[in-house]
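S.K.: Below is the file start_6.tsv, which contains TSV, C-alpha atoms.
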chain	number	residue	atom	x	y	z
I	199	MET	CA	-6.16	-54.02	30.67
I	200	HIS	CA	-6.36	-57.47	32.33
I	201	ILE	CA	-2.80	-56.99	33.59
I	202	VAL	CA	-3.74	-53.68	35.20
I	203	ALA	CA	-6.82	-55.26	36.78
I	204	ARG	CA	-4.79	-58.17	38.14
I	205	GLN	CA	-2.21	-55.88	39.72
I	206	LEU	CA	-4.79	-53.56	41.23
I	207	SER	CA	-6.66	-56.58	42.58
I	208	ARG	CA	-3.49	-57.71	44.30
I	209	TYR	CA	-3.10	-54.26	45.84
I	210	PHE	CA	-6.66	-53.83	47.06
I	211	HIS	CA	-7.18	-57.34	48.39
I	212	CYS	CA	-3.86	-57.98	50.12
I	213	SER	CA	-4.19	-58.38	53.86
I	214	ALA	CA	-1.43	-58.03	56.41
I	215	GLY	CA	1.24	-60.65	55.96
I	216	GLN	CA	0.11	-61.54	52.41
I	217	ALA	CA	1.25	-60.71	48.91
I	218	ASP	CA	5.02	-60.75	49.33
I	219	GLU	CA	5.50	-60.03	45.65
I	220	ILE	CA	4.24	-57.45	43.20
I	221	GLU	CA	3.77	-58.67	39.66
I	222	ARG	CA	5.48	-56.44	37.09
I	223	ARG	CA	3.98	-55.71	33.67
I	224	ASP	CA	6.82	-57.53	31.95
I	225	GLY	CA	5.90	-60.78	33.71
I	226	GLY	CA	8.71	-60.57	36.25
I	227	THR	CA	8.37	-60.11	39.98
I	228	VAL	CA	9.83	-57.93	42.66
I	229	THR	CA	10.49	-59.92	45.80
I	230	LYS	CA	9.77	-57.99	48.97
I	231	SER	CA	12.55	-58.25	51.48
I	232	ASN	CA	10.94	-57.63	54.84
I	233	PRO	CA	13.48	-58.04	57.66
I	234	THR	CA	11.67	-55.51	59.89
I	235	GLY	CA	8.32	-57.27	59.84
I	236	ILE	CA	6.63	-54.02	58.73
I	237	ASP	CA	4.00	-55.03	56.19
I	238	ALA	CA	4.08	-52.11	53.77
I	239	TYR	CA	5.12	-51.46	50.19
I	240	LYS	CA	8.45	-49.77	49.65
I	241	PRO	CA	8.49	-46.24	48.17
I	242	SER	CA	9.54	-47.49	44.73
I	243	GLU	CA	6.65	-49.97	44.80
I	244	ILE	CA	4.24	-47.24	45.85
I	245	TYR	CA	5.35	-45.36	42.75
I	246	SER	CA	4.57	-48.36	40.52
I	247	LEU	CA	1.16	-48.86	42.13
I	248	ALA	CA	0.32	-45.13	41.89
I	249	LYS	CA	1.11	-45.28	38.19
I	250	LEU	CA	-1.16	-48.28	37.65
I	251	LEU	CA	-3.94	-46.65	39.65
I	252	GLY	CA	-3.63	-43.58	37.46
I	253	VAL	CA	-4.08	-45.66	34.31
I	254	ALA	CA	-7.11	-47.43	35.77
I	255	LYS	CA	-8.75	-44.13	36.78
I	256	THR	CA	-8.51	-42.72	33.27
I	257	ARG	CA	-10.28	-45.81	31.90
I	258	LEU	CA	-13.41	-45.35	33.99
I	259	SER	CA	-16.58	-44.48	32.07
I	260	ILE	CA	-18.20	-41.07	32.40
I	261	ILE	CA	-20.99	-42.55	34.54
I	262	GLN	CA	-18.49	-44.27	36.85
I	263	LEU	CA	-16.42	-41.10	37.18
I	264	LEU	CA	-19.45	-38.94	37.86
I	265	VAL	CA	-20.92	-41.26	40.50
I	266	LEU	CA	-17.57	-41.78	42.25
I	267	SER	CA	-16.77	-38.06	42.16
I	268	LEU	CA	-20.20	-37.18	43.57
I	269	LEU	CA	-19.47	-39.58	46.41
I	270	ALA	CA	-16.05	-38.05	47.03
I	271	GLY	CA	-17.50	-34.54	47.18
I	272	ALA	CA	-20.11	-35.78	49.63
I	273	PHE	CA	-17.52	-37.62	51.74
I	274	ILE	CA	-15.25	-34.57	52.04
I	275	ALA	CA	-18.31	-32.44	52.83
I	276	LEU	CA	-19.31	-34.78	55.65
I	277	GLY	CA	-15.83	-34.45	57.12
I	278	ALA	CA	-16.06	-30.67	56.74
I	279	ALA	CA	-19.48	-30.62	58.43
I	280	ALA	CA	-18.07	-32.63	61.34
I	281	PHE	CA	-15.13	-30.21	61.54
I	282	THR	CA	-17.58	-27.28	61.71
I	283	MET	CA	-19.40	-28.83	64.64
I	284	VAL	CA	-16.16	-29.71	66.47
I	285	MET	CA	-15.03	-26.08	66.18
I	286	THR	CA	-18.36	-24.73	67.42
I	287	GLY	CA	-17.94	-23.11	70.82
I	288	THR	CA	-14.14	-22.93	70.57
I	289	ASP	CA	-11.59	-20.35	69.50
I	290	MET	CA	-10.90	-21.03	65.80
I	291	SER	CA	-7.24	-20.13	66.32
I	292	TYR	CA	-6.74	-22.51	69.26
I	293	GLY	CA	-4.23	-25.12	68.10
I	294	PRO	CA	-5.41	-28.18	70.09
I	295	ALA	CA	-9.01	-27.59	68.96
I	296	ARG	CA	-7.91	-27.33	65.33
I	297	PHE	CA	-5.90	-30.52	65.69
I	298	LEU	CA	-8.99	-32.35	66.96
I	299	GLY	CA	-10.92	-30.83	64.07
I	300	GLY	CA	-8.27	-32.17	61.69
I	301	ILE	CA	-8.65	-35.68	63.04
I	302	VAL	CA	-12.41	-35.48	62.56
I	303	PHE	CA	-12.04	-33.94	59.08
I	304	SER	CA	-9.87	-36.93	58.11
I	305	LEU	CA	-13.12	-38.90	57.89
I	306	GLY	CA	-13.60	-37.46	54.41
I	307	LEU	CA	-10.43	-38.89	52.88
I	308	ILE	CA	-10.81	-42.15	54.82
I	309	LEU	CA	-14.20	-42.63	53.16
I	310	VAL	CA	-12.71	-41.74	49.76
I	311	ILE	CA	-9.77	-44.16	50.04
I	312	VAL	CA	-11.37	-47.08	51.89
I	313	GLY	CA	-14.87	-46.75	50.49
I	314	GLY	CA	-13.71	-45.91	46.98
I	315	ALA	CA	-14.34	-42.57	45.28
I	316	GLU	CA	-12.75	-40.07	42.89
I	317	LEU	CA	-11.32	-36.94	44.51
I	318	PHE	CA	-9.94	-34.10	42.39
I	319	THR	CA	-7.12	-33.20	44.76
I	320	GLY	CA	-5.89	-36.76	45.14
I	321	ASN	CA	-6.09	-37.30	41.39
I	322	ALA	CA	-3.23	-34.84	40.96
I	323	LEU	CA	-1.13	-38.01	41.27
I	324	LEU	CA	-2.38	-39.04	37.81
I	325	VAL	CA	0.39	-36.78	36.53
I	326	ILE	CA	2.79	-39.67	37.23
I	327	ALA	CA	1.10	-41.83	34.60
I	328	ALA	CA	0.85	-38.85	32.23
I	329	VAL	CA	4.58	-38.05	32.48
I	330	ASP	CA	5.36	-41.70	31.75
I	331	LYS	CA	3.07	-41.41	28.69
I	332	LEU	CA	0.77	-44.15	29.96
I	333	VAL	CA	-2.16	-41.74	29.72
I	334	THR	CA	-2.60	-38.83	27.35
I	335	PRO	CA	-3.06	-35.19	28.39
I	336	ALA	CA	-6.62	-35.44	27.06
I	337	GLN	CA	-7.35	-38.43	29.33
I	338	LEU	CA	-5.86	-36.58	32.30
I	339	LEU	CA	-7.94	-33.44	31.66
I	340	ARG	CA	-11.08	-35.54	31.08
I	341	ASN	CA	-10.66	-37.16	34.48
I	342	TRP	CA	-9.90	-33.91	36.27
I	343	THR	CA	-12.83	-32.05	34.66
I	344	ILE	CA	-15.49	-34.68	35.35
I	345	VAL	CA	-14.21	-35.33	38.87
I	346	TYR	CA	-14.04	-31.61	39.72
I	347	VAL	CA	-17.63	-31.05	38.61
I	348	GLY	CA	-18.80	-34.16	40.43
I	349	ASN	CA	-16.98	-33.17	43.62
I	350	PHE	CA	-18.62	-29.73	43.46
I	351	ILE	CA	-22.13	-31.15	43.06
I	352	GLY	CA	-21.62	-33.71	45.83
I	353	ALA	CA	-20.29	-31.11	48.27
I	354	VAL	CA	-23.11	-28.64	47.58
I	355	LEU	CA	-25.75	-31.36	47.98
I	356	ILE	CA	-24.44	-32.18	51.45
I	357	ALA	CA	-24.44	-28.47	52.35
I	358	ILE	CA	-28.12	-28.30	51.35
I	359	LEU	CA	-28.93	-31.41	53.40
I	360	ILE	CA	-27.15	-30.02	56.46
I	361	TRP	CA	-29.06	-26.75	56.05
I	362	GLN	CA	-32.40	-28.54	55.64
I	363	SER	CA	-31.65	-30.59	58.75
I	364	GLY	CA	-31.74	-27.40	60.83
I	365	LEU	CA	-28.19	-27.77	62.11
I	366	LEU	CA	-27.17	-24.40	60.67
I	367	HIS	CA	-29.92	-22.53	62.50
I	368	GLY	CA	-27.99	-22.53	65.78
I	369	PRO	CA	-24.38	-22.19	66.92
I	370	MET	CA	-23.10	-24.39	64.10
I	371	GLY	CA	-24.35	-21.78	61.62
I	372	ILE	CA	-22.35	-19.06	63.37
I	373	THR	CA	-19.23	-21.23	63.13
I	374	ALA	CA	-19.95	-21.96	59.46
I	375	SER	CA	-20.05	-18.23	58.73
I	376	SER	CA	-16.85	-17.62	60.69
I	377	ILE	CA	-14.98	-20.32	58.74
I	378	ALA	CA	-15.93	-18.91	55.33
I	379	GLU	CA	-15.39	-15.29	56.33
I	380	SER	CA	-11.86	-16.08	57.47
I	381	LYS	CA	-11.18	-17.55	54.03
I	382	ILE	CA	-12.27	-14.46	52.09
I	383	ASN	CA	-9.81	-12.39	54.12
I	384	LEU	CA	-6.95	-14.24	52.43
I	385	SER	CA	-5.28	-12.57	49.47
I	386	MET	CA	-5.18	-14.47	46.18
I	387	LEU	CA	-1.49	-15.21	46.76
I	388	GLU	CA	-2.12	-16.48	50.28
I	389	ALA	CA	-4.96	-18.71	49.09
I	390	PHE	CA	-2.81	-20.02	46.22
I	391	VAL	CA	0.16	-20.85	48.48
I	392	ARG	CA	-2.07	-22.45	51.08
I	393	GLY	CA	-3.58	-24.52	48.28
I	394	ILE	CA	-0.11	-25.70	47.25
I	395	THR	CA	0.91	-26.81	50.73
I	396	CYS	CA	-2.50	-28.32	51.46
I	397	ASN	CA	-2.48	-30.65	48.47
I	398	MET	CA	1.10	-31.68	49.07
I	399	LEU	CA	-0.16	-33.10	52.37
I	400	VAL	CA	-3.34	-34.57	50.85
I	401	CYS	CA	-1.39	-36.33	48.08
I	402	LEU	CA	1.13	-37.56	50.64
I	403	ALA	CA	-1.79	-39.00	52.62
I	404	VAL	CA	-2.94	-40.82	49.47
I	405	TRP	CA	0.64	-41.91	48.76
I	406	LEU	CA	1.09	-43.32	52.27
I	407	SER	CA	-2.29	-45.07	52.11
I	408	ILE	CA	-1.11	-46.92	49.01
I	409	ALA	CA	1.84	-48.22	51.04
I	410	ALA	CA	-0.49	-49.84	53.58
I	411	ARG	CA	-1.99	-53.28	52.93
I	412	SER	CA	-4.66	-53.21	55.67
I	413	ILE	CA	-7.61	-50.90	56.24
I	414	ALA	CA	-6.25	-49.95	59.66
I	415	GLY	CA	-2.91	-49.07	58.07
I	416	LYS	CA	-4.58	-46.91	55.44
I	417	ILE	CA	-6.58	-45.02	58.07
I	418	GLN	CA	-3.48	-44.34	60.16
I	419	ALA	CA	-1.60	-43.17	57.07
I	420	ILE	CA	-4.37	-40.70	56.21
I	421	ILE	CA	-5.01	-39.12	59.61
I	422	TRP	CA	-1.65	-37.43	60.26
I	423	PRO	CA	-1.12	-35.53	56.98
I	424	ILE	CA	-4.77	-34.44	56.89
I	425	SER	CA	-4.74	-33.34	60.53
I	426	CYS	CA	-1.60	-31.36	59.79
I	427	PHE	CA	-3.14	-29.36	56.94
I	428	VAL	CA	-6.25	-28.58	58.95
I	429	LEU	CA	-4.17	-27.58	61.98
I	430	LEU	CA	-2.16	-25.16	59.83
I	431	GLY	CA	-5.26	-23.62	58.23
I	432	LEU	CA	-4.36	-24.65	54.67
I	433	GLU	CA	-6.81	-24.52	51.76
I	434	HIS	CA	-8.51	-27.52	50.12
I	435	SER	CA	-10.62	-26.80	47.05
I	436	VAL	CA	-13.16	-29.60	47.54
I	437	ALA	CA	-13.61	-28.79	51.23
I	438	ASN	CA	-14.24	-25.16	50.22
I	439	MET	CA	-16.94	-26.39	47.82
I	440	TYR	CA	-18.77	-27.25	51.04
I	441	PHE	CA	-17.61	-24.54	53.44
I	442	PHE	CA	-18.77	-21.62	51.29
I	443	PRO	CA	-22.27	-22.92	50.42
I	444	GLN	CA	-22.68	-23.94	54.06
I	445	ALA	CA	-21.88	-20.38	55.15
I	446	MET	CA	-24.17	-18.78	52.57
I	447	LEU	CA	-27.04	-21.04	53.59
I	448	ALA	CA	-26.36	-20.09	57.22
I	449	GLY	CA	-26.81	-16.41	56.34
I	450	SER	CA	-23.18	-15.30	56.06
I	451	VAL	CA	-22.17	-12.10	54.28
I	452	VAL	CA	-20.01	-14.26	51.97
I	453	ASP	CA	-21.25	-14.16	48.37
I	454	PHE	CA	-20.61	-16.00	45.11
I	455	PRO	CA	-17.80	-13.72	43.86
I	456	ASP	CA	-15.96	-14.31	47.15
I	457	PHE	CA	-16.53	-18.05	46.79
I	458	PHE	CA	-15.32	-18.35	43.20
I	459	GLN	CA	-12.32	-16.08	43.71
I	460	ASN	CA	-11.12	-18.24	46.58
I	461	LEU	CA	-11.92	-21.46	44.73
I	462	ALA	CA	-9.96	-20.42	41.64
I	463	ALA	CA	-6.81	-19.58	43.60
I	464	VAL	CA	-7.02	-22.64	45.82
I	465	THR	CA	-7.71	-25.00	42.90
I	466	LEU	CA	-4.64	-23.79	41.03
I	467	GLY	CA	-2.58	-24.13	44.19
I	468	ASN	CA	-3.89	-27.67	44.75
I	469	ILE	CA	-2.84	-28.65	41.22
I	470	VAL	CA	0.64	-27.22	41.66
I	471	GLY	CA	1.13	-28.79	45.09
I	472	GLY	CA	-0.16	-32.24	44.19
I	473	ALA	CA	1.16	-32.54	40.65
I	474	GLY	CA	4.45	-30.73	41.16
I	475	GLY	CA	5.20	-31.10	44.84
I	476	VAL	CA	4.42	-34.81	45.06
I	477	ALA	CA	3.77	-36.51	41.70
I	478	ILE	CA	6.67	-34.98	39.75
I	479	ALA	CA	8.99	-35.22	42.76
I	480	TYR	CA	8.44	-38.98	43.08
I	481	ARG	CA	8.60	-39.36	39.30
I	482	LEU	CA	12.10	-37.85	39.39
I	483	ALA	CA	13.05	-40.08	42.32
I	484	TYR	CA	11.73	-43.43	41.07
I	485	GLY	CA	10.63	-43.00	37.47
I	486	ASN	CA	13.87	-44.12	35.84
I	487	GLU	CA	14.56	-47.26	37.86
I	488	SER	CA	13.47	-49.52	35.03
I	489	PRO	CA	12.56	-49.06	31.35
I	490	ARG	CA	8.92	-48.21	30.77
I	491	GLN	CA	6.84	-51.10	29.48
I	492	GLU	CA	3.51	-50.83	27.73
I	493	LEU	CA	0.52	-51.88	29.83
If you took the structure in this file and wrote it as structure tokens, what would it be?

M.R.:
Amino acid sequence: MHIVARQLSRYFHCSAGQADEIERRDGGTVTKSNPTGIDAYKPSEIYSLAKLLGVAKTRLSIIQLLVLSLLAGAFIALGAAAFTMVMTGTDMSYGPARFLGGIVFSLGLILVIVGGAELFTGNALLVIAAVDKLVTPAQLLRNWTIVYVGNFIGAVLIAILIWQSGLLHGPMGITASSIAESKINLSMLEAFVRGITCNMLVCLAVWLSIAARSIAGKIQAIIWPISCFVLLGLEHSVANMYFFPQAMLAGSVVDFPDFFQNLAAVTLGNIVGGAGGVAIAYRLAYGNESPRQEL
């Protein structure tokens, strides 16, 4: 465990121009050749760091996981609330407005990555560590279950706070209803496929943020993939944990069966997109570069 902690410490506390080596578990080092001057980890090194992060996440206590997942649900909900306000007074189908909304929505994942929190959709990358048999299926499911529940509670709490603040009593409430009502018009297949493509972009945002050594680099890495998924109208399960309660509190015709039907399809899609579209893909690309060592 101390080896994992040392490596993660090197990752989280490196500043630009520092940490030219990554310590391997076998005691060796990988020297970073950097002729371009771009201070970022190489893709194969991102893979190694993602694997170590996955191991560390599964070793968090239940209390740690619950608190961090509550925070993540709240962070994504704050981004979703800001998106709702940005879209108020505009045509929801207007591309430039949606792009601006995507930039604002990126706040949620920025808070998760930079501030530190446990997000269900991003934790699809834990599959890398599971495939390499560094964590067990039971540890993976434990993390996903606790984090999913915590994300749900955190998102709903923010929806209640926004409602109690009075913000949903005016034009923002009309926009909130419009957002949720557009989601229930999706078929199960459409919601599932949009969930797949959404979490491919979310996990790529997480993946790119791991490559960056500075906070500014991490923020820049997050904004573009997240803005893309919002622009395209893709479906994020944790965001929907906020959007639907927000709409119901605003007086929308959306009800709980609509909410849970959408959430089920989108959640499955998010798992497929993140675990299969990103985690397994990079495992196939970089997982056999060196023999697996025990942590």

S.K.: Show me, as a ChimeraX atom specification, the residues that have an atom within 8 Å of region 293-300 of chain I when counting all atoms listed in the file, minus same-chain residues fewer than 4 positions from it.

M.R.: /I:280-282,284-285,288-289,304,421,424-429

S.K.: One decimal, in Å: what's the spacing between CA of Ala322 (chain I) and CA of Ile469 (chain I)?

M.R.: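 These two atoms are separated by 6.2 Å.
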
S.K.: Is it possible to get the residues within 9 Å of (-19.1, -41.2, 44.4) (coordinates as in the file, counting only C-alpha atoms) written as a list in words?

M.R.: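 Within the cut-off we find Gln262, Leu263, Leu264, Val265, Leu266, Ser267, Leu268, Leu269, Ala270, Gly271, Ala272, Phe273, Val310, Gly314, Ala315, Glu316, Leu317, Gly348, Asn349 and Gly352 of chain I.
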
S.K.: Using only C-alpha atoms, can you tell me which of I:Leu432, I:Val345, I:Gly320, I:Ser450 comes closest to Ile261 (chain I)?

M.R.: I:Val345

S.K.: When you draw a straight line from CA of Gly467 (chain I) to CA of Phe390 (chain I), how long is it in Å?

M.R.: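 About the pair CA of Gly467 (chain I) and CA of Phe390 (chain I): they are 4.6 Å apart.
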